[in-house]
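Visitor: What follows is protein20.tsv; its format and atoms are TSV, C-alpha atoms.
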chain	number	residue	atom	x	y	z
A	213	MET	CA	0.00	0.00	0.00
A	214	ILE	CA	1.44	3.39	-0.96
A	215	SER	CA	1.23	6.41	1.36
A	216	CYS	CA	-0.84	9.56	0.84
A	217	LYS	CA	2.34	11.51	0.22
A	218	GLU	CA	3.38	9.12	-2.54
A	219	ALA	CA	-0.12	8.87	-4.01
A	220	THR	CA	-0.46	12.65	-4.39
A	221	TYR	CA	3.02	12.74	-5.94
A	222	LEU	CA	2.21	9.98	-8.41
A	223	VAL	CA	-0.99	11.72	-9.56
A	224	SER	CA	1.10	14.18	-11.62
A	225	LEU	CA	3.17	11.40	-13.18
A	226	LYS	CA	-0.01	9.54	-14.08
A	227	GLU	CA	-1.21	12.64	-15.95
A	228	GLU	CA	1.70	12.27	-18.35
A	229	ASN	CA	1.45	8.47	-18.50
A	230	LYS	CA	4.81	8.12	-16.79
A	231	LEU	CA	3.80	5.32	-14.43
A	232	SER	CA	4.48	1.63	-14.84
A	233	THR	CA	1.41	-0.62	-14.90
A	234	PHE	CA	2.27	-1.79	-11.40
A	235	LYS	CA	2.61	1.71	-9.92
A	236	SER	CA	-0.47	2.80	-11.78
A	237	LEU	CA	-2.44	-0.01	-10.21
A	238	LYS	CA	-1.14	0.85	-6.74
A	239	LEU	CA	-2.25	4.45	-7.25
A	240	LYS	CA	-5.67	3.38	-8.48
A	241	LEU	CA	-6.12	1.18	-5.44
A	242	HIS	CA	-5.08	3.95	-3.07
A	243	LEU	CA	-7.47	6.44	-4.67
A	244	ALA	CA	-10.30	3.92	-4.49
A	245	ILE	CA	-10.09	3.74	-0.72
A	246	CYS	CA	-8.65	7.12	0.31
A	247	ILE	CA	-11.22	9.90	0.12
A	248	LEU	CA	-8.63	12.60	0.98
A	249	CYS	CA	-6.32	11.75	-1.92
A	250	LYS	CA	-9.29	11.33	-4.21
A	251	ARG	CA	-10.34	14.89	-3.28
A	252	PHE	CA	-6.80	16.13	-3.84
A	253	LYS	CA	-6.80	14.61	-7.32
A	254	LEU	CA	-10.20	15.98	-8.37
A	255	GLN	CA	-9.66	19.46	-6.95
A	256	THR	CA	-6.15	19.93	-8.35
A	257	GLU	CA	-7.18	18.57	-11.76
A	258	HIS	CA	-10.01	21.05	-11.82
A	259	PHE	CA	-8.06	24.19	-11.02
A	260	CYS	CA	-5.04	23.17	-13.12
A	261	LYS	CA	-7.33	22.71	-16.11
A	262	ILE	CA	-8.79	26.22	-15.89
A	263	SER	CA	-5.50	27.98	-15.02
A	264	ASN	CA	-4.95	28.84	-18.67
A	265	HIS	CA	-7.79	31.37	-18.38
A	266	LEU	CA	-5.98	33.30	-15.65
A	267	GLU	CA	-4.75	36.12	-17.88
A	268	ASN	CA	-8.28	36.78	-19.18
A	269	HIS	CA	-9.36	37.57	-15.65
A	270	SER	CA	-6.40	39.73	-14.79
A	271	ILE	CA	-7.21	43.27	-13.69
A	272	ASP	CA	-3.59	44.40	-13.84
A	273	THR	CA	-2.74	47.27	-16.17
A	274	MET	CA	0.57	48.81	-17.08
A	275	SER	CA	1.57	52.12	-15.51
A	276	ILE	CA	0.99	55.26	-17.60
A	277	GLU	CA	4.64	56.27	-17.09
A	278	LYS	CA	5.92	53.07	-18.66
A	279	LYS	CA	3.53	53.39	-21.59
A	280	ILE	CA	4.74	56.92	-22.28
A	281	GLU	CA	8.35	55.75	-22.04
A	282	ILE	CA	7.80	52.95	-24.57
A	283	LYS	CA	5.85	55.23	-26.91
A	284	LYS	CA	8.75	57.67	-26.85
A	285	ILE	CA	11.28	54.94	-27.69
A	286	ILE	CA	9.17	53.61	-30.55
A	287	SER	CA	8.56	57.06	-32.02
A	288	GLU	CA	12.28	57.89	-31.80
A	289	LEU	CA	13.08	54.68	-33.63
A	290	SER	CA	10.45	55.44	-36.25
A	291	GLY	CA	11.70	58.99	-36.71
A	292	TYR	CA	8.31	60.62	-36.28
B	18	MET	CA	-9.02	34.53	-50.67
B	19	GLU	CA	-6.14	34.71	-48.25
B	20	ILE	CA	-6.38	37.32	-45.52
B	21	LYS	CA	-3.31	39.51	-45.23
B	22	TYR	CA	-2.66	41.27	-41.97
B	23	GLN	CA	-0.90	44.58	-41.48
B	24	LEU	CA	1.16	46.11	-38.73
B	25	ASP	CA	0.43	49.46	-37.18
B	26	PRO	CA	3.27	50.16	-34.72
B	27	LYS	CA	1.96	53.62	-33.81
B	28	LYS	CA	-1.05	52.02	-32.17
B	29	TRP	CA	0.72	49.09	-30.52
B	30	ILE	CA	0.99	50.59	-27.04
B	31	ASP	CA	-2.62	51.77	-26.91
B	32	ASN	CA	-3.96	48.55	-28.32
B	33	TYR	CA	-1.82	45.88	-26.70
B	34	ALA	CA	0.29	47.18	-23.78
B	35	ASP	CA	-2.27	46.28	-21.09
B	36	GLN	CA	-3.08	42.88	-22.59
B	37	LEU	CA	0.59	41.96	-22.94
B	38	TYR	CA	1.24	43.23	-19.43
B	39	ALA	CA	-1.56	41.02	-18.02
B	40	PHE	CA	-0.10	38.13	-20.02
B	41	CYS	CA	3.30	38.69	-18.38
B	42	GLN	CA	1.91	39.27	-14.90
B	43	THR	CA	0.21	35.88	-15.05
B	44	ARG	CA	3.62	34.32	-15.65
B	45	ILE	CA	6.03	36.56	-13.72
B	46	ASN	CA	5.73	37.85	-10.17
B	47	SER	CA	7.30	41.25	-10.61
B	48	SER	CA	5.52	44.21	-12.19
B	49	ASN	CA	8.90	45.76	-13.08
B	50	ILE	CA	10.02	42.68	-14.96
B	51	SER	CA	6.63	42.43	-16.68
B	52	GLU	CA	6.87	46.04	-17.85
B	53	ASP	CA	10.39	45.49	-19.13
B	54	LEU	CA	9.37	42.33	-20.98
B	55	VAL	CA	6.51	44.19	-22.68
B	56	GLN	CA	8.94	46.95	-23.67
B	57	GLU	CA	11.38	44.37	-25.06
B	58	THR	CA	8.50	42.74	-26.93
B	59	PHE	CA	7.60	46.01	-28.68
B	60	LEU	CA	11.25	46.77	-29.48
B	61	SER	CA	11.93	43.31	-30.91
B	62	ALA	CA	8.70	43.49	-32.87
B	63	TRP	CA	9.64	46.89	-34.23
B	64	LYS	CA	13.06	45.64	-35.32
B	65	ALA	CA	11.54	42.53	-36.88
B	66	LYS	CA	8.67	44.25	-38.63
B	67	GLU	CA	10.23	43.79	-42.08
B	68	THR	CA	10.17	40.03	-41.54
B	69	TYR	CA	6.51	39.98	-40.49
B	70	LYS	CA	4.87	37.43	-42.75
B	71	ALA	CA	1.29	38.69	-42.42
B	72	ASP	CA	0.06	35.14	-41.95
B	73	ALA	CA	-0.65	35.72	-38.26
B	74	SER	CA	-2.66	38.64	-36.91
B	75	GLU	CA	-0.68	41.51	-35.46
B	76	LYS	CA	-1.96	40.58	-32.02
B	77	ASN	CA	-0.98	36.90	-32.24
B	78	TRP	CA	2.41	37.86	-33.62
B	79	LEU	CA	3.10	40.22	-30.70
B	80	PHE	CA	1.95	37.63	-28.17
B	81	ALA	CA	4.21	34.99	-29.71
B	82	ILE	CA	7.19	37.35	-29.36
B	83	CYS	CA	6.20	38.13	-25.77
B	84	LYS	CA	5.88	34.45	-24.89
B	85	ASN	CA	9.43	33.86	-26.16
B	86	LYS	CA	10.66	36.76	-24.02
B	87	ILE	CA	9.08	35.15	-20.95
B	88	ILE	CA	10.61	31.75	-21.63
B	89	ASP	CA	14.00	33.39	-22.23
B	90	HIS	CA	13.61	35.09	-18.88
B	91	TYR	CA	12.90	31.73	-17.22
B	92	ARG	CA	15.92	30.22	-18.96
B	93	LYS	CA	18.24	32.99	-17.85
B	94	ASN	CA	17.40	32.41	-14.23
B	95	HIS	CA	17.77	28.69	-14.23
B	96	GLY	CA	20.12	26.99	-11.85
B	97	ASN	CA	19.91	29.94	-9.48
B	98	PHE	CA	17.49	28.38	-7.11
B	99	ILE	CA	17.15	24.64	-6.98
B	100	SER	CA	15.21	24.49	-3.76
B	101	ARG	CA	15.92	21.86	-1.21
B	102	GLU	CA	12.34	20.83	-0.67
B	103	ASN	CA	13.29	17.96	1.59
B	104	ASP	CA	14.87	20.29	4.11
B	105	ILE	CA	11.57	22.02	4.71
B	106	THR	CA	9.41	20.67	7.49
B	107	ASP	CA	6.53	18.88	5.86
B	108	THR	CA	3.26	20.33	7.13
B	109	TYR	CA	1.12	18.38	4.68
B	110	PHE	CA	2.02	14.85	5.75
B	111	ASN	CA	2.98	13.30	9.07
B	112	SER	CA	5.80	10.85	9.74
B	113	GLU	CA	3.66	8.00	8.39
B	114	GLU	CA	3.12	10.07	5.21
B	115	HIS	CA	-0.57	10.47	5.99
B	116	TRP	CA	-2.32	13.82	5.60
B	117	THR	CA	-2.01	16.00	8.69
B	118	ALA	CA	-5.34	17.13	10.24
B	119	GLU	CA	-4.40	20.72	9.47
B	120	LYS	CA	-3.81	20.22	5.75
B	121	GLU	CA	-6.10	17.35	4.76
B	122	PRO	CA	-8.35	18.19	1.79
B	123	ASN	CA	-11.90	19.14	2.76
B	124	ASP	CA	-14.95	18.48	0.66
B	125	TRP	CA	-15.43	21.53	-1.59
B	126	GLY	CA	-18.97	20.40	-2.23
B	127	ILE	CA	-21.02	21.02	-5.34
B	128	ASN	CA	-20.81	24.76	-4.77
B	129	GLY	CA	-17.06	24.74	-4.45
B	130	ILE	CA	-16.55	23.15	-7.83
B	131	ALA	CA	-19.32	25.19	-9.52
B	132	HIS	CA	-17.94	28.49	-8.22
B	133	VAL	CA	-14.49	27.65	-9.42
B	134	GLU	CA	-15.21	29.25	-12.80
B	135	LYS	CA	-16.13	32.61	-11.31
B	136	LYS	CA	-14.14	35.77	-11.73
B	137	GLU	CA	-13.35	36.13	-8.02
B	138	PHE	CA	-11.97	32.63	-8.02
B	139	TYR	CA	-9.33	33.59	-10.56
B	140	GLN	CA	-8.24	36.48	-8.38
B	141	VAL	CA	-7.72	34.13	-5.43
B	142	LEU	CA	-5.93	31.66	-7.70
B	143	ALA	CA	-3.63	34.44	-8.98
B	144	LYS	CA	-2.81	35.49	-5.40
B	145	CYS	CA	-2.17	31.90	-4.32
B	146	LYS	CA	0.04	31.35	-7.36
B	147	GLN	CA	2.09	34.42	-6.44
B	148	LYS	CA	2.79	32.90	-3.04
B	149	LEU	CA	4.56	29.93	-4.62
B	150	LYS	CA	8.32	29.97	-4.75
B	151	GLU	CA	9.62	31.33	-8.04
B	152	LEU	CA	10.69	27.99	-9.45
B	153	GLN	CA	7.47	26.24	-8.36
B	154	GLN	CA	5.54	28.97	-10.06
B	155	GLN	CA	7.50	28.70	-13.29
B	156	VAL	CA	6.99	24.95	-13.35
B	157	PHE	CA	3.25	25.42	-12.81
B	158	VAL	CA	2.98	28.11	-15.51
B	159	LEU	CA	4.89	26.07	-18.10
B	160	LYS	CA	2.84	22.96	-17.39
B	161	TYR	CA	-0.71	24.24	-16.93
B	162	ILE	CA	-0.74	27.60	-18.67
B	163	GLU	CA	1.72	27.02	-21.52
B	164	ASP	CA	0.96	23.32	-21.86
B	165	PHE	CA	4.55	22.04	-22.10
B	166	ASP	CA	5.31	18.49	-20.96
B	167	SER	CA	7.70	17.67	-18.14
B	168	ASP	CA	10.66	16.88	-20.43
B	169	GLN	CA	10.40	20.23	-22.21
B	170	ILE	CA	10.06	22.05	-18.89
B	171	CYS	CA	13.17	20.38	-17.47
B	172	LYS	CA	15.13	21.58	-20.51
B	173	ILE	CA	13.85	25.15	-20.26
B	174	LEU	CA	14.51	25.45	-16.53
B	175	GLY	CA	17.66	23.32	-16.42
B	176	ILE	CA	16.32	20.99	-13.73
B	177	THR	CA	16.32	17.21	-13.40
B	178	SER	CA	13.09	15.26	-13.78
B	179	SER	CA	13.07	14.33	-10.09
B	180	ASN	CA	13.36	18.06	-9.24
B	181	TYR	CA	10.44	18.64	-11.57
B	182	TRP	CA	8.09	16.08	-10.00
B	183	VAL	CA	8.84	17.33	-6.49
B	184	LEU	CA	8.25	20.93	-7.56
B	185	ILE	CA	4.94	20.24	-9.27
B	186	HIS	CA	3.78	18.10	-6.33
B	187	ARG	CA	4.61	20.92	-3.89
B	188	ALA	CA	3.02	23.56	-6.11
B	189	LYS	CA	-0.26	21.62	-6.26
B	190	LEU	CA	-0.29	20.94	-2.51
B	191	GLN	CA	0.30	24.58	-1.73
B	192	LEU	CA	-2.16	25.96	-4.29
B	193	ARG	CA	-4.92	23.58	-3.23
B	194	SER	CA	-4.46	24.41	0.42
B	195	CYS	CA	-4.35	28.17	-0.26
B	196	LEU	CA	-7.50	28.00	-2.39
B	197	GLU	CA	-9.33	26.05	0.26
B	198	LYS	CA	-8.38	28.58	2.92
B	199	ASN	CA	-9.08	31.72	0.90
B	200	TRP	CA	-11.90	30.81	-1.43
B	201	ILE	CA	-13.79	27.67	-0.61
B	202	GLY	CA	-14.06	28.64	3.04
B	203	ILE	CA	-15.94	31.85	2.20
Written as structure tokens, that's how I'd like the structure from this file.

Guide:
Amino acid sequence: MISCKEATYLVSLKEENKLSTFKSLKLKLHLAICILCKRFKLQTEHFCKISNHLENHSIDTMSIEKKIEIKKIISELSGY
Amino acid sequence: MEIKYQLDPKKWIDNYADQLYAFCQTRINSSNISEDLVQETFLSAWKAKETYKADASEKNWLFAICKNKIIDHYRKNHGNFISRENDITDTYFNSEEHWTAEKEPNDWGINGIAHVEKKEFYQVLAKCKQKLKELQQQVFVLKYIEDFDSDQICKILGITSSNYWVLIHRAKLQLRSCLEKNWIGI
């Protein structure tokens, strides 16, 4: 029987199919009987999957000063 | 008919500076570095504008340049901070490698999962992500935001695969715990 620490570690390897059949089976067995690790797997899978939308929800904007600075550099380069 | 795109450098800053900045801020913890990377993106784009093939939109082209700048930034830093995760006292698991009572995952319930798509959730996720150590954060970004696999990430960051699996394990443990504390508990 593998430990919770190992099971939660192996979950990420399983995602990339990097587990042997034997290890994979051990993980499956652990997750079948351990509600805590099962929760860990479902919850982490869920937020990892939607992390690629993070930038669409960002409220950060660039400072006006920096924008003016870049505009100046670009216009100097362009010669206008 | 094939669509041909055009560049309009005079409008770049007004049109894209904030979007590119948000793109960088999602991947880098420092607003100064993000601003500098956006500046470098515009300068490289300006210098490369003669080679622009017009087969990608101006926006996609700028974002592709910016993404390369970010990965170069990650590369430059590599080797500086291989963390010794094992030296840190493990608060997640006890000596038998069982979850500790303090950190064991709680049931997020139907509401927890349903609310996970909400705008406020992303703000908590962004904050929790910022609390990760720099290398943990880079590993997480490359894997779940940029969609690289572990072998590619090890090459970019100059880490071994066992470093990688420990880092991603720790990142997930910490993010999950932080989300539970700051979002699900509300």

Visitor: I'd like the interatomic distance between atom CA of B:Tyr181 and atom CA of B:Val156, to a tenth of an Å.

Guide: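 Taking atom CA of B:Tyr181 and atom CA of B:Val156, their separation equals 7.4 Å.
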
Visitor: Do a neighbour search on B:Thr43 at 12 Å with only C-alpha atoms, toss out local chain neighbours closer than 3 positions, and write the hits as an MDAnalysis selection string.

Guide: (chainID A and resid 263:273) or (chainID B and resid 36:40 46:48 50:51 84 87 139:140 142:147 154:155 157:159 161:163)

Visitor: Figure out the distance between atom CA of B:Glu113 and atom CA of A:Lys253, please, to one decimal in Å.

Guide: 20.0 Å

Visitor: As number ranges by chain, please: the residues near B:Ile173 (cut-off 9 Å, all atoms listed in the file, same-chain neighbours under 4 positions excluded).

Guide: B: 88-89, 91-92, 95, 168-169

Visitor: For the selection just defined, write its residues with C-alpha atoms to a file, as a short mmCIF file (atom, residue, chain, number, x, y, z; two decimals), in the frame of the given file.

Guide:
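The result, stored in selection-v5.cif:
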data_model
loop_
_atom_site.label_atom_id
_atom_site.label_comp_id
_atom_site.auth_asym_id
_atom_site.auth_seq_id
_atom_site.Cartn_x
_atom_site.Cartn_y
_atom_site.Cartn_z
CA ILE B 88 10.61 31.75 -21.63
CA ASP B 89 14.00 33.39 -22.23
CA TYR B 91 12.90 31.73 -17.22
CA ARG B 92 15.92 30.22 -18.96
CA HIS B 95 17.77 28.69 -14.23
CA ASP B 168 10.66 16.88 -20.43
CA GLN B 169 10.40 20.23 -22.21
#

Visitor: Counting only C-alpha atoms, what is within 7 Å of A:Thr256, bar same-chain residues fewer than 3 positions away, as a count of residues only?

Guide: 6

Visitor: With all atoms listed in the file as the basis for distance, which of A:Ile247, A:Leu231, A:Leu241, A:Met274 is at the shortest distance from chain B?

Guide: A:Met274

Visitor: What is the atom CA of A:Lys217 to atom CA of B:Thr177 distance in Å?

Guide: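 These two atoms are separated by 20.3 Å.
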
Visitor: Select, from B:Phe80, B:Trp200, B:Tyr69, B:Trp116, the residue with the minimum atom-to-atom distance to chain A, counting all atoms listed in the file.

Guide: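 Checking each of B:Phe80, B:Trp200, B:Tyr69, B:Trp116 against chain A, counting all atoms listed in the file, the winner is B:Trp116.
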
Visitor: Give me, as a ChimeraX atom specification, all polymer residues having an atom no more than 12 Å from A:Lys230, counting only C-alpha atoms and skipping those fewer than 4 positions away in the same chain.

Guide: /A:221-226,234-236 /B:166-168,178,182

Visitor: With C-alpha atoms retained, could you export that selection as a compact mmCIF listing (two decimals), in the coordinates of the input?

Guide:
# COMPACT_ATOMS: atom_id res chain seq x y z
CA TYR A 221 3.02 12.74 -5.94
CA LEU A 222 2.21 9.98 -8.41
CA VAL A 223 -0.99 11.72 -9.56
CA SER A 224 1.10 14.18 -11.62
CA LEU A 225 3.17 11.40 -13.18
CA LYS A 226 -0.01 9.54 -14.08
CA PHE A 234 2.27 -1.79 -11.40
CA LYS A 235 2.61 1.71 -9.92
CA SER A 236 -0.47 2.80 -11.78
CA ASP B 166 5.31 18.49 -20.96
CA SER B 167 7.70 17.67 -18.14
CA ASP B 168 10.66 16.88 -20.43
CA SER B 178 13.09 15.26 -13.78
CA TRP B 182 8.09 16.08 -10.00

Visitor: Here is a test: counting all atoms listed in the file, which residue of B:Leu190, B:Val55, B:Ser112, B:Asp25 is nearest to A:Cys249?

Guide: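 Among the listed residues, B:Leu190 lies closest to A:Cys249.
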
Visitor: Counting only C-alpha atoms, which residue out of A:Lys238, A:Glu277, A:Arg251, A:Cys246 sits closest to chain B?

Guide: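 That would be A:Arg251, the residue with the smallest distance to chain B.
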
Visitor: Choose the residue, out of A:Ala219, A:Ile276, A:Leu239, A:Ile282, that has the smallest atom-to-atom separation from chain B; count all atoms listed in the file.

Guide: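 Smallest distance to chain B is found for A:Ile282.
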